[in-house]
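J.: I have a structure I would like to understand better, so I am pasting it below and will then ask my questions one at a time.
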Amino acid sequence: MSDYQDSCSMTPPMSPVNFPIQLEEDDVPVKKLHIDEEPCNDLPACFCCLGQVNPSDHDATHTDGHLRRRTLERLLHGSDPDFSSFQTTTCELFGYQFTTQLALQEMMDKLFLFARQQIGKLENMRGDQFGVGHPEDFMAIRHNICTFLEYIKVYVCRYVNDNKWDDFVTKLCQQLHVMLLYIGRLSELPPHRLGNGASRHGNMCPSSAYHVFHLHLDIHWAVLEIVHLVTSRHQGVSGSVCWCHYADGETGEDVFSQCVQLLMWDLLLLAINRHSQISLPEYAKTTPFHCTCIRELWILLIHLLDYRHDHMGKDSFWITLDQALQYVVQERVCLEETTDAELDSDVSPLPPSYQCASPTGFCWWLTTHLAPLYFYTSTGEYNRDNKIKGNYMFVVQSLLKALVSGNSRQNEASMRCYLKCCLSLSEIWEPEMDVLHILWEHFYKRLNDQFQTTGLGLQGLAKVSKTALAWVDVCKRRCRDHSGIEQDNSFYLFLRLLGVHLGRQSKGGVTHGWRQMKGRFYSKFHQRRMQELTETGLYNFSSLFLTLALIGDLEDVAGKMGDLYDMLKFESLDHAQRAMVWKGAFSMLLLRVENGSDISVYADRLVQGFSAVCWEFSQKVEDPSRRHQLWSLLNIYLDSTQDVFEASERLSCSEHKLLGSAFAQVLPACSENELRSVLTFLQMIMARHRSIYKRAMYQSQGLLTVHQVYPAQQYRGVSDALWMFTYSFIKDHSCTLTPPPQLADVAASFTLLAVDLPPGPSTGLKEDFLSSFLYFGHSANVNASVTCRYLSHMLPNQTVLDKLAASLPHYQTQLIQAWFKCVLQVHGDNNQVQELTRLILKLPEMSEIFSQAQVEPADSYNLVVLQFVKALGRGFRTIEGLKNKIAFRNRAAGYFGEVTKHMTPVLKKGGPPEALRAIYTIAGHMVKHCSPLLYAKSKCDCLLPTILDKLVLPHVLFSSSKTIAPDVMTAIRDHLHLFVQGLGKLDYRQDPYIQRQLRNIVCQYMTRFPVKSTSSLGAAHIHPLVVSLNGSYSKSSTEEATSLREYVLELVRDNLLPLKGTSVPASASTALTYIGEVWQKTTSHRTVARDCKPLLHTVLDYVLLCDVLSTKQQATYLLQYMLEASKRAPDAMSVESIAAIIKDYLNKHVRLHHTKTFKTIETVSLIYPDVIRQLIPTLTQTVKDIEVKRGVGMDSNLRQSYITVLRNLGEEGQTVIAQLQQ
């Protein structure tokens, strides 16, 4: 074999040929690179890794790499690769000294032989069993090789003589080819070296696989640099060897092109290998780069090829890449079965043999990750402002067309993935209408498709916006940014592409693209096509036009969309389609309002459909599903109209036309929940209207200029529509039993609206602020819950209070009356009543009442109302003078108002218990503390009789055929004492009416409740008439309480204990038990002693005449209790007074029941003998008179009974006995 052939062999000899000193392969001296030293900048540049590539990390290259060391910049500018190196006469290569200017020319074979030896040595350095060795040993070899390759570049630039250029270049290209053949294809490296080729430790990595992989990168790039230098200095050089052979039989045009193709195919095969390991969702997160050095190599290729394209007319990077990718897309490979005569073994086949599961997906993925590399400068800086060269030719012709072609239609998952890639490219490339043309031709035929993907669950379904506002927001977000892109289907991604391409053109002032695309879009829709659209199709159609409106001519798009909607027959659409049309139309209205465009024409169309639905809804549809469908349509209209009002800045776009007369139809037909929704809508509309109107008036300071007349008309239009179509219903429904809370909010808004914009002449209403306020805030017909919530809205407004003060002299009285009504009718722990109470307490009149009574208001409104009643009663008692008292009584009557009318609904229903308890508590305290206020004998319309008739003594009480509701009876039991105590403050001794009412109370309720309370029932069930006398039970009882006690006991005596001969009334036992309960609770003997006056005679009668043993025992017990109390408190009931009662008793009964009478007298003598001593003369004379009257002489039985009595009287008794015996 010749020397040349030997030097070109892929297997180097063990020692250099004709070298002065015979060397073994391992004898080449190695210059050590100390690992603990910082990398020196005088070392040649080489690839230094930063590990795996993070797509979001733009710090792409190491500081010691080619880009940061500016080797590429010097290469592109034709500068000396390294001015500081190889400037001496001799240079060191592979540990030996060579003549700098002659070494490569004269000893090229030997130097390349050394290089191959070093390569082989590094590849054979396996380190330990894990492939780990010393980084300095690996780097020393890489340094030797890189220094040699750097020397070649320097030599080409400095020392090559033109006379010897051709021979030198030919030989150099051959040696470079041999080196590439020797190291083999980058893509053919063993898997363990490719897998371990990345390291974040860079060149300090101890792995031999890392250094072998990166040495291959060093050599491939250096060879490309050298070939570039050679071909750029002498463009006619093509080389004498063929490096590669294409599948179509052609060979490369020149050495550089072949070298680039070899390197690019190696990089493509590496990327194909990575692509085979990822799924579609991983496209964005996984790059085609094994490590940052691969990405740096791509960046170097981009700049180098584009430089040659710009300055030498060669193929650019994208063209070069496209040529290779065409083979991938077409799945063509070079046939390796060719004979040696056809293809030399040293020529690499292109494209090499590979397997790519998804060529189209691979091309999208690769292109998407390569395009952003254009943001890197030739020095490795990342700059988003760099102008990017696009590659739409390949994307459009080879990828998009194949993507949507009928033969290779992709599934939805693939379409989504590829369109995301296309979107990423479109963001950094210039707009291209061809992209939209191709995709639109694909999607317009599939508007009715669901674009679903299998295996993704809910994520695979299209997301349909629930409201028009949400729809608009989604469309805006698509045109503005790419958040939420993971949930988009392929059609939504197309809309994003539409926004990117057309939107960027529109921002740049270019309109021809819009005009061209507009025609393509509009021409696809006609009546038949519109009627073919399903619910999904209508949603996609509307989304398309909303996107066009955002990026194009809004007026033109909105008009066209409205015309296309008109092609649909609304009555023939199903519910879902109607809903979709309405939401789409409202979405376009929102865009027009935001743009300040008039919407009257479009609003009229919507109102027509709304009126039709309202009419059907008001016909009391019996089918629940149909009613639900109609309500859902109405709800869409309400929500969307509210969104339109909220989006409007000045209400100057004819928004009032959306408030049609159909509201008057739909409000009465609504159920409770539906009505809440409509009222909430009205409240929001009115609040928005008032806010905008106030702002406009403030800005204009009340003066309407010529330019403000139209907006003022708009405000009037909105207010008149509200007055005309909804106010009457609000008034009527506020008087119902269960109006929703939102109705009060709307009523308050109407009253405030009346301040600025009362009903106009066209409404036919005569309503102003005062009439509206008095109706909702004071009318007895309006439900208390409405009044309460209404006043809570109105009273914090100082403007309202000022207008009331100017219009109503006694407005505070009316407000207190309204509050009192609310407290009576709204029950439980109601926050609204609590708030109203807080506001009412701030009124000066209310503060005066509490301050005069020296009462501090409580926190709970339930206590405040009782404090208020007590304060009124206390205030009345302190007033002097008849006129003042009459004035105070009239004012209090104003506070209470029609109190019984407010109570009637609850009393009629007999519940609920909570409401009854509240009513009886308040009314009871009114009677107890304010009875002098409530009752005037000269006034027939005073409140007290009505209260008693309604609450305490209703007519049903006196009817034997009717019964009182159990809950009502319970309320009476718990509160009757308050009424009795209140009546006790009146002149019951002189007033027949009060006497009659007290008598009725005692007679009706004494037997209706158990008198004797057991321990299990507790104090809560004490008889109310017992509780009524609570004031008399203590030792410090007042004269008022004691007098009431005496009167009640008299009523009990006269009405419940009357004896007719020996006939005992049925109520006797109850009455006697009642008296006993009263005495048991009385702690003062004086008070019990005073009870002798009304009760002693009656009790003695029962002891004498009652034949019922139990009743007789009760009477005897009471007699004993009463006499013992009198004995202990003789000053309260004197002996003489008791003796007078007994004397009367004796005169009444002794002649008929002389023996029994003396038996009763005996009982008294045993308990209280002093009383009987006072009666000894009377008793003696009575005995004698009886005997005389009988005419039979002495009556031994009578005298014996009398003697028994006398024996209990001590000496006085013994004296009388002696006299009788004589």
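In the structure tokens, chains take letters A, B, ... by order of appearance, with residues numbered from 1 within each chain and ligands from 1 in the order shown.
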Write out as a PDB file with N, CA and C atoms, in the first residue's frame the residues lying within 10 Å of Gln105 of chain A, counting only C-alpha atoms and excluding same-chain residues fewer than 3 positions away.
T.:
```pdb
ATOM      1  N   THR A 100       6.141  26.245  12.872  1.00  0.00           N
ATOM      2  CA  THR A 100       4.761  26.729  12.759  1.00  0.00           C
ATOM      3  C   THR A 100       4.336  26.877  11.313  1.00  0.00           C
ATOM      4  N   GLN A 101       5.204  27.453  10.479  1.00  0.00           N
ATOM      5  CA  GLN A 101       4.793  27.770   9.120  1.00  0.00           C
ATOM      6  C   GLN A 101       4.897  26.580   8.162  1.00  0.00           C
ATOM      7  N   LEU A 102       5.513  25.475   8.606  1.00  0.00           N
ATOM      8  CA  LEU A 102       5.753  24.376   7.678  1.00  0.00           C
ATOM      9  C   LEU A 102       5.109  23.057   8.113  1.00  0.00           C
ATOM     10  N   MET A 108       1.559  16.869   7.299  1.00  0.00           N
ATOM     11  CA  MET A 108       0.116  16.754   7.514  1.00  0.00           C
ATOM     12  C   MET A 108      -0.272  15.341   7.898  1.00  0.00           C
ATOM     13  N   ASP A 109       0.281  14.356   7.174  1.00  0.00           N
ATOM     14  CA  ASP A 109      -0.111  12.973   7.459  1.00  0.00           C
ATOM     15  C   ASP A 109       0.236  12.580   8.883  1.00  0.00           C
ATOM     16  N   TYR A 155      -3.438  28.063  10.358  1.00  0.00           N
ATOM     17  CA  TYR A 155      -2.546  27.827   9.228  1.00  0.00           C
ATOM     18  C   TYR A 155      -3.213  28.200   7.901  1.00  0.00           C
ATOM     19  N   TYR A 159      -0.775  30.970   6.436  1.00  0.00           N
ATOM     20  CA  TYR A 159       0.447  30.515   5.817  1.00  0.00           C
ATOM     21  C   TYR A 159       0.305  29.807   4.483  1.00  0.00           C
ATOM     22  N   VAL A 160      -0.883  29.521   4.045  1.00  0.00           N
ATOM     23  CA  VAL A 160      -1.013  28.759   2.807  1.00  0.00           C
ATOM     24  C   VAL A 160      -0.631  29.650   1.622  1.00  0.00           C
ATOM     25  N   ASN A 161       0.269  29.132   0.814  1.00  0.00           N
ATOM     26  CA  ASN A 161       0.728  29.866  -0.381  1.00  0.00           C
ATOM     27  C   ASN A 161      -0.238  29.567  -1.518  1.00  0.00           C
ATOM     28  N   LYS A 164       0.436  26.780  -3.953  1.00  0.00           N
ATOM     29  CA  LYS A 164       0.273  25.387  -3.513  1.00  0.00           C
ATOM     30  C   LYS A 164      -1.136  25.133  -2.927  1.00  0.00           C
ATOM     31  N   ASP A 167      -3.293  21.772  -4.130  1.00  0.00           N
ATOM     32  CA  ASP A 167      -2.808  20.506  -3.581  1.00  0.00           C
ATOM     33  C   ASP A 167      -3.045  20.421  -2.078  1.00  0.00           C
ATOM     34  N   PHE A 168      -2.781  21.535  -1.423  1.00  0.00           N
ATOM     35  CA  PHE A 168      -2.959  21.550   0.037  1.00  0.00           C
ATOM     36  C   PHE A 168      -4.406  21.294   0.416  1.00  0.00           C
ATOM     37  N   LYS A 171      -5.470  17.679  -0.195  1.00  0.00           N
ATOM     38  CA  LYS A 171      -4.938  16.763   0.813  1.00  0.00           C
ATOM     39  C   LYS A 171      -5.592  16.990   2.174  1.00  0.00           C
ATOM     40  N   LEU A 172      -5.805  18.262   2.499  1.00  0.00           N
ATOM     41  CA  LEU A 172      -6.427  18.579   3.785  1.00  0.00           C
ATOM     42  C   LEU A 172      -7.857  18.020   3.859  1.00  0.00           C
TER      43      LEU A 172
END
```
J.: Determine, counting only C-alpha atoms, which protein, DNA and RNA residues have an atom within 12 Å of an atom of Ala647 of chain A; residues of the same chain fewer than 5 positions away are not included. Present the result as a list in words.
T.: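 What passes the distance filter is Ala468, Leu469, Val472, Phe586, Ser587, Leu589, Leu590, Leu591, Arg592, Val593, Glu594, Asn595, Gly596, Ser640, Thr641, Gln642, Ser652, Cys653, Glu655, Ile685, Arg688, His689 and Ile692 of chain A.
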J.: Would you mind exporting the chosen residues as a PDB file, in the first residue's frame, restricted to C-alpha atoms?
T.:
```
ATOM      1  CA  ALA A 468     -71.668  35.950  26.839  1.00  0.00           C
ATOM      2  CA  LEU A 469     -69.151  37.839  28.970  1.00  0.00           C
ATOM      3  CA  VAL A 472     -65.879  37.406  25.045  1.00  0.00           C
ATOM      4  CA  PHE A 586     -74.882  39.340  23.207  1.00  0.00           C
ATOM      5  CA  SER A 587     -71.165  38.669  22.953  1.00  0.00           C
ATOM      6  CA  LEU A 589     -73.111  43.476  21.653  1.00  0.00           C
ATOM      7  CA  LEU A 590     -70.524  43.527  24.410  1.00  0.00           C
ATOM      8  CA  LEU A 591     -67.774  44.186  21.904  1.00  0.00           C
ATOM      9  CA  ARG A 592     -69.769  46.978  20.312  1.00  0.00           C
ATOM     10  CA  VAL A 593     -70.524  48.581  23.670  1.00  0.00           C
ATOM     11  CA  GLU A 594     -66.881  48.418  24.679  1.00  0.00           C
ATOM     12  CA  ASN A 595     -66.092  50.097  21.378  1.00  0.00           C
ATOM     13  CA  GLY A 596     -68.739  52.773  21.984  1.00  0.00           C
ATOM     14  CA  SER A 640     -76.169  39.069  29.249  1.00  0.00           C
ATOM     15  CA  THR A 641     -78.099  42.333  29.498  1.00  0.00           C
ATOM     16  CA  GLN A 642     -76.527  42.923  32.887  1.00  0.00           C
ATOM     17  CA  SER A 652     -74.806  55.967  25.337  1.00  0.00           C
ATOM     18  CA  CYS A 653     -75.138  52.983  23.013  1.00  0.00           C
ATOM     19  CA  GLU A 655     -78.628  49.955  26.002  1.00  0.00           C
ATOM     20  CA  ILE A 685     -79.213  47.500  36.311  1.00  0.00           C
ATOM     21  CA  ARG A 688     -75.264  50.725  37.395  1.00  0.00           C
ATOM     22  CA  HIS A 689     -77.571  53.292  35.823  1.00  0.00           C
ATOM     23  CA  ILE A 692     -73.145  56.313  35.678  1.00  0.00           C
TER      24      ILE A 692
END
```
J.: I'd like the neighbourhood of segment 1123-1128 of chain A as a PyMOL selection string, where a residue qualifies if any of its atoms comes within 6 Å (using only C-alpha atoms), though same-chain residues fewer than 2 positions away should be ignored.
T.: chain A and resi 1085+1089+1120-1121+1130+1133
J.: For the selection you just gave me, I'd like the residues written to a file as a PDB file, in the first residue's frame, keeping all heavy atoms.
T.:
```pdb
ATOM      1  N   HIS A1085     -96.550  38.638 106.197  1.00  0.00           N
ATOM      2  CA  HIS A1085     -97.765  38.285 106.926  1.00  0.00           C
ATOM      3  C   HIS A1085     -98.763  39.435 106.901  1.00  0.00           C
ATOM      4  O   HIS A1085     -99.983  39.206 106.963  1.00  0.00           O
ATOM      5  CB  HIS A1085     -97.429  37.923 108.366  1.00  0.00           C
ATOM      6  CG  HIS A1085     -96.580  36.691 108.490  1.00  0.00           C
ATOM      7  ND1 HIS A1085     -97.027  35.430 108.144  1.00  0.00           N
ATOM      8  CD2 HIS A1085     -95.297  36.506 108.919  1.00  0.00           C
ATOM      9  CE1 HIS A1085     -96.093  34.538 108.353  1.00  0.00           C
ATOM     10  NE2 HIS A1085     -95.012  35.173 108.823  1.00  0.00           N
ATOM     11  N   ALA A1089    -102.589  39.086 105.988  1.00  0.00           N
ATOM     12  CA  ALA A1089    -103.573  39.523 106.978  1.00  0.00           C
ATOM     13  C   ALA A1089    -104.594  40.454 106.345  1.00  0.00           C
ATOM     14  O   ALA A1089    -105.795  40.398 106.670  1.00  0.00           O
ATOM     15  CB  ALA A1089    -102.858  40.214 108.135  1.00  0.00           C
ATOM     16  N   GLN A1120    -107.087  28.843 108.690  1.00  0.00           N
ATOM     17  CA  GLN A1120    -105.998  28.759 109.644  1.00  0.00           C
ATOM     18  C   GLN A1120    -104.834  29.657 109.219  1.00  0.00           C
ATOM     19  O   GLN A1120    -104.266  30.382 110.023  1.00  0.00           O
ATOM     20  CB  GLN A1120    -105.537  27.296 109.764  1.00  0.00           C
ATOM     21  CG  GLN A1120    -104.380  27.094 110.718  1.00  0.00           C
ATOM     22  CD  GLN A1120    -103.952  25.628 110.777  1.00  0.00           C
ATOM     23  OE1 GLN A1120    -104.624  24.762 110.208  1.00  0.00           O
ATOM     24  NE2 GLN A1120    -102.867  25.355 111.468  1.00  0.00           N
ATOM     25  N   TYR A1121    -104.457  29.610 107.857  1.00  0.00           N
ATOM     26  CA  TYR A1121    -103.332  30.387 107.339  1.00  0.00           C
ATOM     27  C   TYR A1121    -103.597  31.882 107.518  1.00  0.00           C
ATOM     28  O   TYR A1121    -102.728  32.661 107.933  1.00  0.00           O
ATOM     29  CB  TYR A1121    -103.133  30.058 105.858  1.00  0.00           C
ATOM     30  CG  TYR A1121    -101.780  30.465 105.312  1.00  0.00           C
ATOM     31  CD1 TYR A1121    -100.742  29.548 105.241  1.00  0.00           C
ATOM     32  CD2 TYR A1121    -101.557  31.764 104.873  1.00  0.00           C
ATOM     33  CE1 TYR A1121     -99.511  29.913 104.731  1.00  0.00           C
ATOM     34  CE2 TYR A1121    -100.320  32.142 104.363  1.00  0.00           C
ATOM     35  CZ  TYR A1121     -99.299  31.215 104.290  1.00  0.00           C
ATOM     36  OH  TYR A1121     -98.081  31.602 103.810  1.00  0.00           O
ATOM     37  N   PRO A1130    -100.993  42.047 113.795  1.00  0.00           N
ATOM     38  CA  PRO A1130    -102.252  42.646 114.253  1.00  0.00           C
ATOM     39  C   PRO A1130    -102.438  44.081 113.772  1.00  0.00           C
ATOM     40  O   PRO A1130    -103.563  44.555 113.685  1.00  0.00           O
ATOM     41  CB  PRO A1130    -102.129  42.583 115.771  1.00  0.00           C
ATOM     42  CG  PRO A1130    -100.665  42.491 116.048  1.00  0.00           C
ATOM     43  CD  PRO A1130    -100.064  41.744 114.901  1.00  0.00           C
ATOM     44  N   MET A1133    -104.299  43.882 110.308  1.00  0.00           N
ATOM     45  CA  MET A1133    -105.726  43.539 110.419  1.00  0.00           C
ATOM     46  C   MET A1133    -106.026  43.395 111.914  1.00  0.00           C
ATOM     47  O   MET A1133    -105.645  42.412 112.555  1.00  0.00           O
ATOM     48  CB  MET A1133    -106.035  42.235 109.687  1.00  0.00           C
ATOM     49  CG  MET A1133    -107.507  41.971 109.492  1.00  0.00           C
ATOM     50  SD  MET A1133    -108.234  43.164 108.365  1.00  0.00           S
ATOM     51  CE  MET A1133    -109.947  42.588 108.419  1.00  0.00           C
TER      52      MET A1133
END
```
J.: Do you have the atom CA of Gly537 of chain A-atom CA of Leu403 of chain A distance handy?
T.: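 Atom CA of Leu403 of chain A lies 22.0 Å from atom CA of Gly537 of chain A.
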J.: What's around Gly65 of chain A at 9 Å? Count only C-alpha atoms, leave out sequence neighbours fewer than 5 positions away in its own chain, and write the answer as a list in words.
T.: Ala45, Cys46, Phe47, Cys48, Cys49, Arg70, Thr71, Cys293 and Glu296 of chain A
J.: Please tabulate, as JSON lines, the residues of segment 498-609 of chain A that come within 8 Å of segment 417-434 of chain A, each with its closest pair of atoms and the distance in Å to one decimal, counting only C-alpha atoms and ordering rows by chain, then residue number upward.
T.:
```
{"residue": "A:Val500", "atom": "CA", "partner": "A:Glu427", "partner_atom": "CA", "distance": 6.8}
{"residue": "A:His501", "atom": "CA", "partner": "A:Pro431", "partner_atom": "CA", "distance": 4.6}
{"residue": "A:Leu502", "atom": "CA", "partner": "A:Pro431", "partner_atom": "CA", "distance": 7.3}
{"residue": "A:Arg504", "atom": "CA", "partner": "A:Pro431", "partner_atom": "CA", "distance": 6.9}
{"residue": "A:Gln505", "atom": "CA", "partner": "A:Pro431", "partner_atom": "CA", "distance": 6.8}
{"residue": "A:Gly513", "atom": "CA", "partner": "A:Met433", "partner_atom": "CA", "distance": 6.8}
{"residue": "A:Met517", "atom": "CA", "partner": "A:Met433", "partner_atom": "CA", "distance": 7.9}
```
J.: Create the file for the chosen residues now, containing all heavy atoms and written as a PDB file, in the first residue's frame.
T.:
```pdb
ATOM      1  N   VAL A 500     -53.208  35.618  15.826  1.00  0.00           N
ATOM      2  CA  VAL A 500     -51.788  35.945  15.688  1.00  0.00           C
ATOM      3  C   VAL A 500     -51.493  36.546  14.314  1.00  0.00           C
ATOM      4  O   VAL A 500     -50.890  37.618  14.194  1.00  0.00           O
ATOM      5  CB  VAL A 500     -50.928  34.689  15.929  1.00  0.00           C
ATOM      6  CG1 VAL A 500     -49.477  34.955  15.537  1.00  0.00           C
ATOM      7  CG2 VAL A 500     -51.016  34.259  17.384  1.00  0.00           C
ATOM      8  N   HIS A 501     -51.947  35.896  13.265  1.00  0.00           N
ATOM      9  CA  HIS A 501     -51.574  36.336  11.921  1.00  0.00           C
ATOM     10  C   HIS A 501     -52.333  37.598  11.512  1.00  0.00           C
ATOM     11  O   HIS A 501     -51.709  38.595  11.104  1.00  0.00           O
ATOM     12  CB  HIS A 501     -51.844  35.198  10.926  1.00  0.00           C
ATOM     13  CG  HIS A 501     -50.878  34.070  11.043  1.00  0.00           C
ATOM     14  ND1 HIS A 501     -49.677  34.031  10.370  1.00  0.00           N
ATOM     15  CD2 HIS A 501     -50.916  32.926  11.780  1.00  0.00           C
ATOM     16  CE1 HIS A 501     -49.037  32.930  10.666  1.00  0.00           C
ATOM     17  NE2 HIS A 501     -49.768  32.224  11.534  1.00  0.00           N
ATOM     18  N   LEU A 502     -53.648  37.578  11.622  1.00  0.00           N
ATOM     19  CA  LEU A 502     -54.404  38.765  11.230  1.00  0.00           C
ATOM     20  C   LEU A 502     -54.215  39.907  12.226  1.00  0.00           C
ATOM     21  O   LEU A 502     -54.154  41.074  11.833  1.00  0.00           O
ATOM     22  CB  LEU A 502     -55.886  38.425  11.124  1.00  0.00           C
ATOM     23  CG  LEU A 502     -56.334  37.723   9.838  1.00  0.00           C
ATOM     24  CD1 LEU A 502     -57.831  37.478   9.869  1.00  0.00           C
ATOM     25  CD2 LEU A 502     -55.962  38.534   8.613  1.00  0.00           C
ATOM     26  N   ARG A 504     -51.595  40.664  14.107  1.00  0.00           N
ATOM     27  CA  ARG A 504     -50.308  41.350  13.950  1.00  0.00           C
ATOM     28  C   ARG A 504     -50.279  42.193  12.686  1.00  0.00           C
ATOM     29  O   ARG A 504     -49.671  43.257  12.649  1.00  0.00           O
ATOM     30  CB  ARG A 504     -49.185  40.314  13.943  1.00  0.00           C
ATOM     31  CG  ARG A 504     -48.941  39.725  15.333  1.00  0.00           C
ATOM     32  CD  ARG A 504     -48.022  38.540  15.316  1.00  0.00           C
ATOM     33  NE  ARG A 504     -46.693  38.898  14.849  1.00  0.00           N
ATOM     34  CZ  ARG A 504     -45.710  38.004  14.663  1.00  0.00           C
ATOM     35  NH1 ARG A 504     -45.959  36.723  14.904  1.00  0.00           N
ATOM     36  NH2 ARG A 504     -44.523  38.386  14.253  1.00  0.00           N
ATOM     37  N   GLN A 505     -50.951  41.731  11.658  1.00  0.00           N
ATOM     38  CA  GLN A 505     -51.032  42.553  10.454  1.00  0.00           C
ATOM     39  C   GLN A 505     -51.834  43.819  10.713  1.00  0.00           C
ATOM     40  O   GLN A 505     -51.460  44.908  10.272  1.00  0.00           O
ATOM     41  CB  GLN A 505     -51.667  41.759   9.314  1.00  0.00           C
ATOM     42  CG  GLN A 505     -50.676  40.883   8.552  1.00  0.00           C
ATOM     43  CD  GLN A 505     -51.194  40.542   7.175  1.00  0.00           C
ATOM     44  OE1 GLN A 505     -52.333  40.809   6.834  1.00  0.00           O
ATOM     45  NE2 GLN A 505     -50.336  39.945   6.359  1.00  0.00           N
ATOM     46  N   GLY A 513     -54.386  41.796   4.047  1.00  0.00           N
ATOM     47  CA  GLY A 513     -54.585  40.435   4.543  1.00  0.00           C
ATOM     48  C   GLY A 513     -55.981  40.271   5.116  1.00  0.00           C
ATOM     49  O   GLY A 513     -56.643  39.251   4.903  1.00  0.00           O
ATOM     50  N   MET A 517     -58.843  37.710   3.722  1.00  0.00           N
ATOM     51  CA  MET A 517     -59.392  36.646   4.544  1.00  0.00           C
ATOM     52  C   MET A 517     -60.879  36.859   4.799  1.00  0.00           C
ATOM     53  O   MET A 517     -61.650  35.892   4.901  1.00  0.00           O
ATOM     54  CB  MET A 517     -58.649  36.575   5.885  1.00  0.00           C
ATOM     55  CG  MET A 517     -57.231  36.048   5.776  1.00  0.00           C
ATOM     56  SD  MET A 517     -57.146  34.420   4.980  1.00  0.00           S
ATOM     57  CE  MET A 517     -58.162  33.448   6.061  1.00  0.00           C
TER      58      MET A 517
END
```
J.: Applying 12 Å and only C-alpha atoms, which residues near Lys842 of chain A remain after dropping the ones on its own chain fewer than 5 positions away? List them as a list in words.
T.: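 My reading of the contact set: Leu795, Pro796, Leu801, Gln812, Leu815, Ile816, Glu835, Leu836, Thr837, Ser847, Glu848, Ile849, Phe850 and Pro857 of chain A.
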J.: For the residues in that selection, give me C-alpha atoms as a short mmCIF file (atom, residue, chain, number, x, y, z; two decimals), in the first residue's frame.
T.:
```cif
data_model
loop_
_atom_site.label_atom_id
_atom_site.label_comp_id
_atom_site.auth_asym_id
_atom_site.auth_seq_id
_atom_site.Cartn_x
_atom_site.Cartn_y
_atom_site.Cartn_z
CA LEU A 795 -81.90 55.86 56.22
CA PRO A 796 -78.08 55.82 55.95
CA LEU A 801 -83.16 62.33 55.49
CA GLN A 812 -89.34 60.86 62.63
CA LEU A 815 -90.14 56.26 60.83
CA ILE A 816 -90.49 55.09 64.44
CA GLU A 835 -79.70 47.23 61.47
CA LEU A 836 -82.92 49.21 61.20
CA THR A 837 -83.05 49.50 65.00
CA SER A 847 -82.63 59.75 71.47
CA GLU A 848 -84.79 62.23 73.39
CA ILE A 849 -87.20 59.51 74.52
CA PHE A 850 -84.41 57.33 75.88
CA PRO A 857 -80.39 51.24 74.62
#
```
J.: For segment 1157-1165 of chain A, please output as a ChimeraX atom specification all residues within 9 Å (counting only C-alpha atoms; exclusion window: fewer than 2 positions along the same chain).
T.: /A:1100,1103-1104,1116,1119-1120,1123,1142,1145-1146,1149-1155,1167-1173,1198,1201-1202,1204-1206,1208-1209
J.: Once DSSP has gone over the backbone, tell me which residues of segment 951-1091 of chain A are in helix (DSSP H, G or I), as number ranges by chain.
T.: A: 951-952, 955-958, 966-983, 992-1005, 1019-1021, 1024-1028, 1030-1032, 1039-1056, 1068-1081, 1085-1090
J.: Between atom CA of Thr231 of chain A and atom CA of Leu263 of chain A, what is the distance in Å, rounded to a tenth?
T.: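 Computing it gives 17.0 Å between the two atoms.
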J.: Which residues are close to Thr534 of chain A, i.e. within 7 Å by only C-alpha atoms, leaving aside same-chain residues fewer than 2 positions away? Reply as an NGL selection string.
T.: :A and (448 or 532 or 536-538 or 577)
J.: Using only C-alpha atoms, please write the residues we just selected to a file, as a compact mmCIF listing (two decimals), in the first residue's frame.
T.:
```txt
# COMPACT_ATOMS: atom_id res chain seq x y z
CA ASN A 448 -70.27 20.91 13.67
CA GLU A 532 -77.04 23.05 8.97
CA THR A 536 -71.65 23.11 18.50
CA GLY A 537 -71.52 24.51 15.00
CA LEU A 538 -73.19 27.74 16.11
CA GLN A 577 -79.42 26.45 19.48
```
J.: Rounded to one decimal place, report the atom CA of Leu638 of chain A-atom CA of Gly660 of chain A distance in Å.
T.: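 Atom-to-atom, atom CA of Leu638 of chain A and atom CA of Gly660 of chain A are spaced 11.6 Å apart.
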